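Novice: Okay, here's the structure, questions in a sec.
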Amino acid sequence: MEASTAFMGKVHFVSFSSGSPGQGPTTFSHVDVWIEPEASPPSAATRFSADALDACDKKPLFLPNDNSHWWCDPSTEYAFVGFSYEVTACQTREQLHKEFYDIRHHFKSRYVRLYGACDREGFYDDIVDAAWANTLGVHALIWFGFNLDDIWIGRRDILLAALHTNPKAKFVTRVLQFGSEPLFDGVLPHDQLAEQVLLAKANLSSLNIPVTVSELAFGYQERGGAQDVLDAIDSINIHMLPFFAQDASTADQAWPLVQRDLQWFIDHGNGKKMYFDENGWPSVTSPSVQPNSPLAVADIPNEHEYYILLDQHCEDLKSVVGGGVGWFAHIYSDSMEPGYGIYNISGDMKFPFEPRTHC
C-alpha cells in the first residue's frame, strides 16, 4: 500500500467499496481510511485513499476515547447510503450479522436505518454488534408505532440507556431518530416533539450523537410548518414517497415530485444535512398502501425505475445545500414490508440494484 501522509499510527477503516452485486465480496478496489498519530489525539486524524488494498475482512481496529472526529464529513454522504431495515421480527444476532454483511459488502452501504421496533431485552446491543462487525453506521429509531399510545416512552428510555452503556454504540450510531412520521400521525403536538428532540440532544451530548425526526414534508406542512421541530433537529431525515402524491403517475416521471418536497425542506431547513430515509416506490398495493392518484402505477418495473431515477440525478442530489442528499432504499426485503423490498420474500433480488455511492 502506498499513501502520502505525514502521520504514522493506527489505521481505522471507515468506508469501502466491494465487488459487483450478486458475486459476493471480492478484493476491494478502494478504501477510505484515516490514520491516527501515535502521539496525537483523534482530532489530528487525516483521511486518505488507498488503492488495491485487500480489505475484505477488515474492521476498525480499536475504540478511541472520543468519537468527535470518527465520522466521515457529511458532504461525502450523498447518493445511495444504505437501507431501511425493519426490526419488528426481532431478528437473531446471527441473522443481523448475515444481513448486515450483505448490506455492507454486496451493496456498498454505509448505513442501516432502523424501522419498526423490537422490544426484546438487549436487542440494540445486537444491532451495535452486527453493525460494528460489518463496518456499518446505524440511524437508530425511537418507534412510536401507529396506536397513538405512550409505549414510545419506554422505548426511548431503553434506547438512550443502551447508547450510554454500550461502549461501541457511539461509534456505530450516526443519528437517533424519533419516528416514524410522528407529525403526520399526530402522535405529539409539534411543540412537544421539539421538546423531546431537545431533551434527547441534551441526554446524548456527551456521546456526540445527533438527533432528528423521521417525517414527511406534509407532516410538517399540516402542522403549520412545525418550524420549532426543524430548528431543533440536527439533520433532516425525509420520507420521500412520491407514489402517494396526488399527481403521481409512473416512477420515471417522479423527479418533479421529489423536487417539490425537497425544495420545501431547502427553504425551511436552514442549510442542514438531509437524507431521504424512508424512500421508495412500491411494487404492489395493499390495504395500507393505496395511491392518491388514479394514474400511479405500483409494480416491480416502477419500483426499479424510481431508484434508477435517483441514480440519474446523483449530481443534483450532491449539489443540495448542507452537503448533498444521501438516500436510503426503503426497504431491504419484502418480508419486512410487502412490495418495497429489494429482495422478494424468497430472498431473490427483484431487479438489478447497483446504485452509485458517489458521483
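For the C-alpha cells, the naming scheme is as follows: chains receive sequential letters (A, B, ...) according to their order of presentation, residues are indexed from 1 within each chain, and ligands are indexed from 1 in presentation order.
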Determine, counting only C-alpha atoms, which protein, DNA and RNA residues have an atom within 9 Å of an atom of Ser333 (chain A); residues of the same chain fewer than 6 positions away are not included. Present the result as a list in words.

Specialist: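 Surrounding residues, per the criterion: Tyr85, Glu86, Gly339, Tyr340, Gly341, Ile342, Tyr343, Asn344, Ile345, Gly347 and Met349 of chain A.
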
Novice: Select, from A:Phe62, A:Tyr101, A:Trp281, A:Phe178, the residue with the minimum atom-to-atom distance to Glu337 (chain A), counting only C-alpha atoms.

Specialist: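 Looking only at the distances to Glu337 (chain A), the closest residue turns out to be A:Trp281.
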
Novice: Can you list, as an NGL selection string, all residues belonging to region 44-281 of chain A that DSSP tags as alpha helix (DSSP H)?

Specialist: :A and (93-101 or 123-133 or 151-165 or 169-172 or 190-203 or 217-221 or 227-232 or 255-268)

Novice: Using only C-alpha atoms, which residues sit within 10 Å of region 198-202 of chain A once same-chain residues fewer than 5 positions away are excluded, as a list in words?

Specialist: Arg156, Asp157, Leu160, Leu176, Gln177, Phe178, Gln192, Leu193, Leu207, Asn208, Ile209, Pro210, Val211, Thr212, Val229, Asp231, Ala232, Ile233 and Asp234 of chain A

Novice: Just write the chosen residues, all heavy atoms, as a short mmCIF file (atom, residue, chain, number, x, y, z; two decimals), in the first residue's frame.

Specialist:
```cif
data_model
loop_
_atom_site.label_atom_id
_atom_site.label_comp_id
_atom_site.auth_asym_id
_atom_site.auth_seq_id
_atom_site.Cartn_x
_atom_site.Cartn_y
_atom_site.Cartn_z
N ARG A 156 -37.88 4.84 24.28
CA ARG A 156 -36.91 5.94 24.35
C ARG A 156 -35.92 5.73 25.48
O ARG A 156 -34.70 5.83 25.28
CB ARG A 156 -37.67 7.27 24.56
CG ARG A 156 -36.79 8.49 24.74
CD ARG A 156 -37.57 9.62 25.42
NE ARG A 156 -38.01 9.23 26.76
CZ ARG A 156 -38.91 9.91 27.47
NH1 ARG A 156 -39.48 10.99 26.98
NH2 ARG A 156 -39.24 9.49 28.69
N ASP A 157 -36.43 5.43 26.66
CA ASP A 157 -35.56 5.30 27.82
C ASP A 157 -34.60 4.12 27.68
O ASP A 157 -33.42 4.21 28.05
CB ASP A 157 -36.39 5.16 29.09
CG ASP A 157 -37.21 6.41 29.40
OD1 ASP A 157 -36.92 7.48 28.80
OD2 ASP A 157 -38.15 6.32 30.21
N LEU A 160 -31.92 5.10 24.97
CA LEU A 160 -30.95 6.07 25.50
C LEU A 160 -29.99 5.39 26.46
O LEU A 160 -28.78 5.68 26.45
CB LEU A 160 -31.69 7.22 26.18
CG LEU A 160 -32.46 8.17 25.27
CD1 LEU A 160 -33.26 9.17 26.09
CD2 LEU A 160 -31.53 8.92 24.31
N LEU A 176 -29.87 9.53 16.08
CA LEU A 176 -31.05 8.97 16.72
C LEU A 176 -32.28 9.66 16.15
O LEU A 176 -32.38 10.89 16.15
CB LEU A 176 -30.99 9.20 18.23
CG LEU A 176 -32.25 8.82 19.02
CD1 LEU A 176 -32.51 7.32 18.95
CD2 LEU A 176 -32.15 9.27 20.47
N GLN A 177 -33.23 8.86 15.66
CA GLN A 177 -34.45 9.39 15.08
C GLN A 177 -35.64 9.21 16.02
O GLN A 177 -35.74 8.19 16.70
CB GLN A 177 -34.81 8.64 13.79
CG GLN A 177 -33.73 8.51 12.75
CD GLN A 177 -34.19 7.53 11.69
OE1 GLN A 177 -34.87 7.90 10.74
NE2 GLN A 177 -33.85 6.26 11.87
N PHE A 178 -36.54 10.17 16.00
CA PHE A 178 -37.89 9.97 16.50
C PHE A 178 -38.76 9.68 15.29
O PHE A 178 -38.74 10.43 14.31
CB PHE A 178 -38.41 11.22 17.22
CG PHE A 178 -37.85 11.43 18.60
CD1 PHE A 178 -36.68 12.14 18.80
CD2 PHE A 178 -38.51 10.92 19.71
CE1 PHE A 178 -36.17 12.35 20.07
CE2 PHE A 178 -38.01 11.11 20.99
CZ PHE A 178 -36.82 11.84 21.18
N GLN A 192 -44.33 19.74 21.56
CA GLN A 192 -43.87 18.66 22.44
C GLN A 192 -42.84 17.78 21.76
O GLN A 192 -41.89 17.31 22.41
CB GLN A 192 -45.06 17.84 22.91
CG GLN A 192 -46.01 18.59 23.82
CD GLN A 192 -47.17 17.72 24.31
OE1 GLN A 192 -47.03 16.49 24.43
NE2 GLN A 192 -48.31 18.34 24.60
N LEU A 193 -42.99 17.55 20.47
CA LEU A 193 -41.98 16.78 19.74
C LEU A 193 -40.65 17.53 19.72
O LEU A 193 -39.59 16.92 19.94
CB LEU A 193 -42.46 16.51 18.32
CG LEU A 193 -41.53 15.69 17.43
CD1 LEU A 193 -41.25 14.31 18.03
CD2 LEU A 193 -42.11 15.54 16.02
N LEU A 207 -22.07 12.01 24.20
CA LEU A 207 -21.76 10.95 23.25
C LEU A 207 -21.61 11.46 21.82
O LEU A 207 -21.26 10.70 20.93
CB LEU A 207 -22.86 9.88 23.28
CG LEU A 207 -23.15 9.23 24.64
CD1 LEU A 207 -24.28 8.20 24.49
CD2 LEU A 207 -21.90 8.58 25.22
N ASN A 208 -21.90 12.73 21.60
CA ASN A 208 -21.83 13.33 20.26
C ASN A 208 -22.73 12.60 19.26
O ASN A 208 -22.37 12.42 18.10
CB ASN A 208 -20.39 13.35 19.73
CG ASN A 208 -19.48 14.20 20.58
OD1 ASN A 208 -19.81 15.35 20.89
ND2 ASN A 208 -18.34 13.65 20.97
N ILE A 209 -23.90 12.18 19.72
CA ILE A 209 -24.88 11.54 18.83
C ILE A 209 -25.96 12.56 18.52
O ILE A 209 -26.66 13.01 19.43
CB ILE A 209 -25.49 10.28 19.48
CG1 ILE A 209 -24.41 9.22 19.71
CG2 ILE A 209 -26.60 9.71 18.59
CD1 ILE A 209 -24.90 7.99 20.46
N PRO A 210 -26.13 12.93 17.25
CA PRO A 210 -27.17 13.90 16.90
C PRO A 210 -28.56 13.27 16.93
O PRO A 210 -28.71 12.04 16.99
CB PRO A 210 -26.78 14.33 15.48
CG PRO A 210 -26.00 13.18 14.94
CD PRO A 210 -25.29 12.56 16.11
N VAL A 211 -29.57 14.12 16.86
CA VAL A 211 -30.96 13.69 16.99
C VAL A 211 -31.78 14.31 15.87
O VAL A 211 -31.57 15.47 15.49
CB VAL A 211 -31.54 14.09 18.36
CG1 VAL A 211 -33.00 13.64 18.49
CG2 VAL A 211 -30.71 13.52 19.50
N THR A 212 -32.73 13.55 15.35
CA THR A 212 -33.58 14.04 14.27
C THR A 212 -34.98 13.46 14.41
O THR A 212 -35.28 12.70 15.34
CB THR A 212 -32.98 13.70 12.90
OG1 THR A 212 -33.72 14.36 11.87
CG2 THR A 212 -32.99 12.21 12.63
N VAL A 229 -39.68 22.21 15.29
CA VAL A 229 -39.05 20.90 15.13
C VAL A 229 -37.87 20.99 14.17
O VAL A 229 -36.79 20.46 14.45
CB VAL A 229 -40.09 19.86 14.63
CG1 VAL A 229 -39.41 18.50 14.40
CG2 VAL A 229 -41.22 19.72 15.63
N ASP A 231 -36.04 23.48 13.58
CA ASP A 231 -34.95 24.19 14.25
C ASP A 231 -34.24 23.31 15.27
O ASP A 231 -33.04 23.46 15.50
CB ASP A 231 -35.49 25.45 14.94
CG ASP A 231 -35.95 26.51 13.96
OD1 ASP A 231 -35.56 26.45 12.78
OD2 ASP A 231 -36.70 27.41 14.39
N ALA A 232 -34.98 22.38 15.89
CA ALA A 232 -34.41 21.56 16.95
C ALA A 232 -33.55 20.42 16.42
O ALA A 232 -32.53 20.07 17.04
CB ALA A 232 -35.52 21.00 17.83
N ILE A 233 -33.94 19.81 15.30
CA ILE A 233 -33.25 18.61 14.82
C ILE A 233 -31.88 18.96 14.26
O ILE A 233 -31.62 20.08 13.82
CB ILE A 233 -34.09 17.87 13.77
CG1 ILE A 233 -34.44 18.77 12.58
CG2 ILE A 233 -35.34 17.29 14.42
CD1 ILE A 233 -35.27 18.10 11.51
N ASP A 234 -30.98 17.96 14.28
CA ASP A 234 -29.62 18.16 13.79
C ASP A 234 -29.50 17.92 12.29
O ASP A 234 -28.72 18.58 11.62
CB ASP A 234 -28.66 17.24 14.54
CG ASP A 234 -28.50 17.65 15.99
OD1 ASP A 234 -28.17 18.83 16.25
OD2 ASP A 234 -28.73 16.81 16.88
#
```

Novice: For CA of Ala131 (chain A) and CA of Gly280 (chain A), determine how far apart the two atoms are, in Å to one decimal place.

Specialist: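 Interatomic distance here is 23.0 Å.
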
Novice: Which distance in Å separates CA of Phe144 (chain A) and CA of Phe123 (chain A), to one decimal?

Specialist: 17.0 Å

Novice: Point out the residue among A:Pro256, A:Gly269, A:Pro182, A:Pro294 with the least atom-to-atom distance to Gly225 (chain A), counting only C-alpha atoms.

Specialist: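 Distance minimum relative to Gly225 (chain A) lands on A:Gly269.
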
Novice: With only C-alpha atoms as the counted atoms, please give the residues lying no more than 12 Å from Trp132 (chain A), apart from itself and same-chain residues fewer than 3 positions off, as a PyMOL selection string.

Specialist: chain A and resi 13-14+58-63+96-97+100-101+104+110-112+125-129+135-138+166-173

Novice: Take the residues that were just selected and, keeping N, CA, C and O atoms, output them as a short mmCIF file (atom, residue, chain, number, x, y, z; two decimals), in the first residue's frame.

Specialist:
```cif
data_model
loop_
_atom_site.label_atom_id
_atom_site.label_comp_id
_atom_site.auth_asym_id
_atom_site.auth_seq_id
_atom_site.Cartn_x
_atom_site.Cartn_y
_atom_site.Cartn_z
N PHE A 13 -10.53 1.78 9.52
CA PHE A 13 -11.26 1.60 8.26
C PHE A 13 -12.64 2.21 8.42
O PHE A 13 -13.39 1.85 9.30
N VAL A 14 -12.95 3.16 7.55
CA VAL A 14 -14.18 3.93 7.68
C VAL A 14 -15.21 3.53 6.65
O VAL A 14 -16.35 3.27 6.96
N LYS A 58 -11.61 -6.50 6.92
CA LYS A 58 -11.09 -5.53 7.86
C LYS A 58 -12.22 -4.85 8.63
O LYS A 58 -13.29 -4.59 8.11
N LYS A 59 -11.94 -4.54 9.87
CA LYS A 59 -12.85 -3.78 10.71
C LYS A 59 -12.03 -2.71 11.43
O LYS A 59 -10.80 -2.77 11.48
N PRO A 60 -12.69 -1.70 12.00
CA PRO A 60 -11.94 -0.74 12.82
C PRO A 60 -11.16 -1.49 13.89
O PRO A 60 -11.64 -2.44 14.50
N LEU A 61 -9.95 -1.05 14.14
CA LEU A 61 -9.03 -1.82 14.96
C LEU A 61 -9.17 -1.58 16.46
O LEU A 61 -8.84 -2.47 17.25
N PHE A 62 -9.64 -0.40 16.86
CA PHE A 62 -9.77 -0.16 18.29
C PHE A 62 -10.72 1.01 18.52
O PHE A 62 -11.07 1.73 17.58
N LEU A 63 -11.12 1.17 19.75
CA LEU A 63 -12.02 2.26 20.12
C LEU A 63 -11.22 3.40 20.72
O LEU A 63 -10.62 3.25 21.78
N LEU A 96 -28.89 -10.85 11.97
CA LEU A 96 -28.41 -9.48 11.84
C LEU A 96 -27.01 -9.45 11.22
O LEU A 96 -26.73 -8.66 10.31
N HIS A 97 -26.13 -10.32 11.69
CA HIS A 97 -24.77 -10.37 11.13
C HIS A 97 -24.80 -10.74 9.65
O HIS A 97 -24.10 -10.14 8.83
N PHE A 100 -26.52 -7.76 7.65
CA PHE A 100 -25.67 -6.56 7.65
C PHE A 100 -24.43 -6.78 6.80
O PHE A 100 -23.94 -5.85 6.15
N TYR A 101 -23.92 -8.00 6.80
CA TYR A 101 -22.79 -8.30 5.91
C TYR A 101 -23.20 -8.10 4.46
O TYR A 101 -22.45 -7.51 3.66
N ARG A 104 -23.59 -4.39 3.64
CA ARG A 104 -22.31 -3.70 3.54
C ARG A 104 -21.52 -4.13 2.29
O ARG A 104 -21.08 -3.30 1.49
N ARG A 110 -23.23 2.36 3.58
CA ARG A 110 -22.61 2.93 4.77
C ARG A 110 -23.46 2.70 6.01
O ARG A 110 -22.94 2.61 7.12
N TYR A 111 -24.79 2.69 5.81
CA TYR A 111 -25.69 2.74 6.95
C TYR A 111 -26.85 1.76 6.80
O TYR A 111 -27.23 1.38 5.69
N VAL A 112 -27.44 1.42 7.95
CA VAL A 112 -28.79 0.89 8.01
C VAL A 112 -29.62 1.89 8.80
O VAL A 112 -29.16 2.46 9.78
N ASP A 125 -28.13 -3.80 21.53
CA ASP A 125 -26.75 -4.27 21.66
C ASP A 125 -26.41 -5.23 20.52
O ASP A 125 -25.28 -5.24 20.02
N ASP A 126 -27.38 -6.07 20.13
CA ASP A 126 -27.16 -6.96 18.98
C ASP A 126 -27.00 -6.16 17.69
O ASP A 126 -26.18 -6.51 16.83
N ILE A 127 -27.79 -5.09 17.54
CA ILE A 127 -27.64 -4.21 16.38
C ILE A 127 -26.25 -3.62 16.34
O ILE A 127 -25.56 -3.62 15.30
N VAL A 128 -25.81 -3.10 17.47
CA VAL A 128 -24.47 -2.49 17.54
C VAL A 128 -23.40 -3.52 17.20
O VAL A 128 -22.45 -3.23 16.45
N ASP A 129 -23.53 -4.71 17.74
CA ASP A 129 -22.54 -5.75 17.50
C ASP A 129 -22.45 -6.09 16.01
O ASP A 129 -21.36 -6.19 15.44
N THR A 135 -18.79 -2.90 9.78
CA THR A 135 -18.39 -1.53 9.43
C THR A 135 -19.55 -0.72 8.87
O THR A 135 -19.46 -0.06 7.85
N LEU A 136 -20.68 -0.80 9.57
CA LEU A 136 -21.88 -0.04 9.22
C LEU A 136 -22.22 0.94 10.32
O LEU A 136 -22.05 0.65 11.51
N GLY A 137 -22.71 2.11 9.92
CA GLY A 137 -23.33 3.01 10.87
C GLY A 137 -24.83 2.74 10.93
O GLY A 137 -25.41 2.12 10.04
N VAL A 138 -25.45 3.23 12.00
CA VAL A 138 -26.88 2.98 12.23
C VAL A 138 -27.61 4.30 12.45
O VAL A 138 -27.16 5.14 13.23
N ASN A 166 -23.40 0.82 26.20
CA ASN A 166 -22.64 0.01 25.25
C ASN A 166 -21.46 0.83 24.75
O ASN A 166 -21.65 1.87 24.11
N PRO A 167 -20.22 0.41 25.01
CA PRO A 167 -19.07 1.25 24.65
C PRO A 167 -18.90 1.46 23.16
O PRO A 167 -18.25 2.43 22.75
N LYS A 168 -19.47 0.59 22.34
CA LYS A 168 -19.35 0.76 20.89
C LYS A 168 -20.49 1.59 20.29
O LYS A 168 -20.41 1.99 19.13
N ALA A 169 -21.53 1.84 21.05
CA ALA A 169 -22.74 2.44 20.49
C ALA A 169 -22.47 3.81 19.87
O ALA A 169 -23.00 4.13 18.80
N LYS A 170 -21.66 4.63 20.51
CA LYS A 170 -21.45 5.98 19.97
C LYS A 170 -20.57 5.96 18.72
O LYS A 170 -20.51 6.96 17.99
N PHE A 171 -19.90 4.85 18.47
CA PHE A 171 -19.08 4.72 17.26
C PHE A 171 -19.87 4.06 16.12
O PHE A 171 -19.37 3.93 15.01
N VAL A 172 -21.09 3.63 16.41
CA VAL A 172 -21.95 2.98 15.43
C VAL A 172 -23.18 3.82 15.12
O VAL A 172 -23.63 3.87 13.98
N THR A 173 -23.70 4.52 16.12
CA THR A 173 -24.96 5.25 15.98
C THR A 173 -24.69 6.63 15.38
O THR A 173 -24.19 7.53 16.04
#
```

Novice: Between A:Ala248, A:Cys314, A:Val321, A:Leu241, which is the closest to Gly271 (chain A) once you count only C-alpha atoms?

Specialist: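 The shortest atom-to-atom distance to Gly271 (chain A) comes from A:Val321.
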
Novice: Give me, please, the distance in Å between CA of Leu295 (chain A) and CA of Leu262 (chain A), quoted to one decimal.

Specialist: 22.3 Å

Novice: Could you tell me which of A:Phe218, A:Phe244, A:Phe146, A:Tyr124 comes closest to Ala296 (chain A) if we count only C-alpha atoms?

Specialist: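 Closest to Ala296 (chain A) of all the choices is A:Phe244.
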
Novice: Using DSSP secondary structure from the backbone, list all strand (DSSP E) positions within region 118-346 of chain A, as a PyMOL selection string.

Specialist: chain A and resi 137-143+173-179+211-216+236-240+274-279+325-329

Novice: Save out the residues we just selected, N, CA and C atoms, as a compact mmCIF listing (two decimals), in the first residue's frame.

Specialist:
```
# COMPACT_ATOMS: atom_id res chain seq x y z
N GLY A 137 -22.71 2.11 9.92
CA GLY A 137 -23.33 3.01 10.87
C GLY A 137 -24.83 2.74 10.93
N VAL A 138 -25.45 3.23 12.00
CA VAL A 138 -26.88 2.98 12.23
C VAL A 138 -27.61 4.30 12.45
N HIS A 139 -28.71 4.48 11.75
CA HIS A 139 -29.68 5.51 12.08
C HIS A 139 -30.69 4.85 13.01
N ALA A 140 -30.50 5.03 14.31
CA ALA A 140 -31.35 4.37 15.31
C ALA A 140 -32.72 5.05 15.36
N LEU A 141 -33.68 4.38 15.98
CA LEU A 141 -35.05 4.86 15.92
C LEU A 141 -35.79 4.62 17.22
N ILE A 142 -36.41 5.68 17.73
CA ILE A 142 -37.42 5.57 18.78
C ILE A 142 -38.76 5.45 18.06
N TRP A 143 -39.34 4.26 18.09
CA TRP A 143 -40.51 3.94 17.28
C TRP A 143 -41.79 4.26 18.05
N THR A 173 -23.70 4.52 16.12
CA THR A 173 -24.96 5.25 15.98
C THR A 173 -24.69 6.63 15.38
N ARG A 174 -25.06 6.77 14.12
CA ARG A 174 -24.80 8.03 13.41
C ARG A 174 -25.79 9.11 13.81
N VAL A 175 -27.03 8.71 14.09
CA VAL A 175 -28.07 9.66 14.49
C VAL A 175 -29.18 8.88 15.18
N LEU A 176 -29.87 9.53 16.08
CA LEU A 176 -31.05 8.97 16.72
C LEU A 176 -32.28 9.66 16.15
N GLN A 177 -33.23 8.86 15.66
CA GLN A 177 -34.45 9.39 15.08
C GLN A 177 -35.64 9.21 16.02
N PHE A 178 -36.54 10.17 16.00
CA PHE A 178 -37.89 9.97 16.50
C PHE A 178 -38.76 9.68 15.29
N GLY A 179 -39.55 8.60 15.34
CA GLY A 179 -40.36 8.30 14.17
C GLY A 179 -41.23 7.08 14.41
N VAL A 211 -29.57 14.12 16.86
CA VAL A 211 -30.96 13.69 16.99
C VAL A 211 -31.78 14.31 15.87
N THR A 212 -32.73 13.55 15.35
CA THR A 212 -33.58 14.04 14.27
C THR A 212 -34.98 13.46 14.41
N VAL A 213 -35.84 13.81 13.46
CA VAL A 213 -37.19 13.27 13.34
C VAL A 213 -37.33 12.72 11.92
N SER A 214 -37.92 11.55 11.80
CA SER A 214 -38.13 10.91 10.51
C SER A 214 -39.56 11.21 10.06
N GLU A 215 -39.70 12.05 9.00
CA GLU A 215 -41.01 12.65 8.74
C GLU A 215 -41.19 13.05 7.29
N LEU A 216 -42.45 13.05 6.86
CA LEU A 216 -42.87 13.56 5.56
C LEU A 216 -42.84 15.10 5.53
N ILE A 236 -32.02 16.59 8.69
CA ILE A 236 -33.39 16.47 8.22
C ILE A 236 -33.55 15.12 7.53
N ASN A 237 -34.28 14.23 8.18
CA ASN A 237 -34.47 12.87 7.67
C ASN A 237 -35.87 12.77 7.08
N ILE A 238 -35.91 12.70 5.75
CA ILE A 238 -37.11 12.95 4.97
C ILE A 238 -37.74 11.64 4.50
N HIS A 239 -39.05 11.55 4.62
CA HIS A 239 -39.78 10.47 3.97
C HIS A 239 -40.11 10.94 2.56
N MET A 240 -39.53 10.28 1.59
CA MET A 240 -39.74 10.63 0.18
C MET A 240 -40.47 9.47 -0.48
N MET A 274 -29.35 16.66 4.81
CA MET A 274 -30.60 15.97 4.53
C MET A 274 -30.36 14.55 4.03
N TYR A 275 -31.28 13.68 4.43
CA TYR A 275 -31.32 12.30 3.94
C TYR A 275 -32.75 11.97 3.53
N PHE A 276 -32.89 11.19 2.46
CA PHE A 276 -34.16 10.52 2.18
C PHE A 276 -34.07 9.18 2.89
N ASP A 277 -34.74 9.02 4.02
CA ASP A 277 -34.56 7.77 4.76
C ASP A 277 -35.67 6.75 4.53
N GLU A 278 -36.92 7.15 4.58
CA GLU A 278 -38.00 6.25 4.17
C GLU A 278 -38.34 6.65 2.75
N ASN A 279 -37.75 5.94 1.80
CA ASN A 279 -37.64 6.43 0.44
C ASN A 279 -37.78 5.27 -0.52
N VAL A 325 -27.65 15.28 -0.58
CA VAL A 325 -28.69 14.41 -0.02
C VAL A 325 -28.26 12.95 -0.17
N GLY A 326 -28.16 12.26 0.95
CA GLY A 326 -27.95 10.82 0.92
C GLY A 326 -29.28 10.11 0.95
N TRP A 327 -29.39 9.01 0.21
CA TRP A 327 -30.68 8.32 0.19
C TRP A 327 -30.57 6.85 0.55
N PHE A 328 -31.58 6.40 1.28
CA PHE A 328 -31.75 5.00 1.64
C PHE A 328 -32.78 4.38 0.71
N ALA A 329 -32.68 3.08 0.51
CA ALA A 329 -33.73 2.32 -0.16
C ALA A 329 -34.64 1.73 0.91
```

Novice: For Leu310 (chain A), please output as a PyMOL selection string all residues within 9 Å (counting only C-alpha atoms; exclusion window: fewer than 5 positions along the same chain).

Specialist: chain A and resi 79-80+255+305+317+327+355

Novice: Counting only C-alpha atoms, which residue out of A:Lys108, A:His69, A:Lys272, A:Arg155 sits closest to Asn134 (chain A)?

Specialist: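 Comparing A:Lys108, A:His69, A:Lys272, A:Arg155 against Asn134 (chain A), the winner is A:Lys108.
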
Novice: Go through A:Trp152, A:Tyr115, A:Phe184, A:Phe353 one by one, measure the shortest atom-to-atom distance of each to Arg223 (chain A) using only C-alpha atoms, and give the residue with the smallest value.

Specialist: A:Phe184
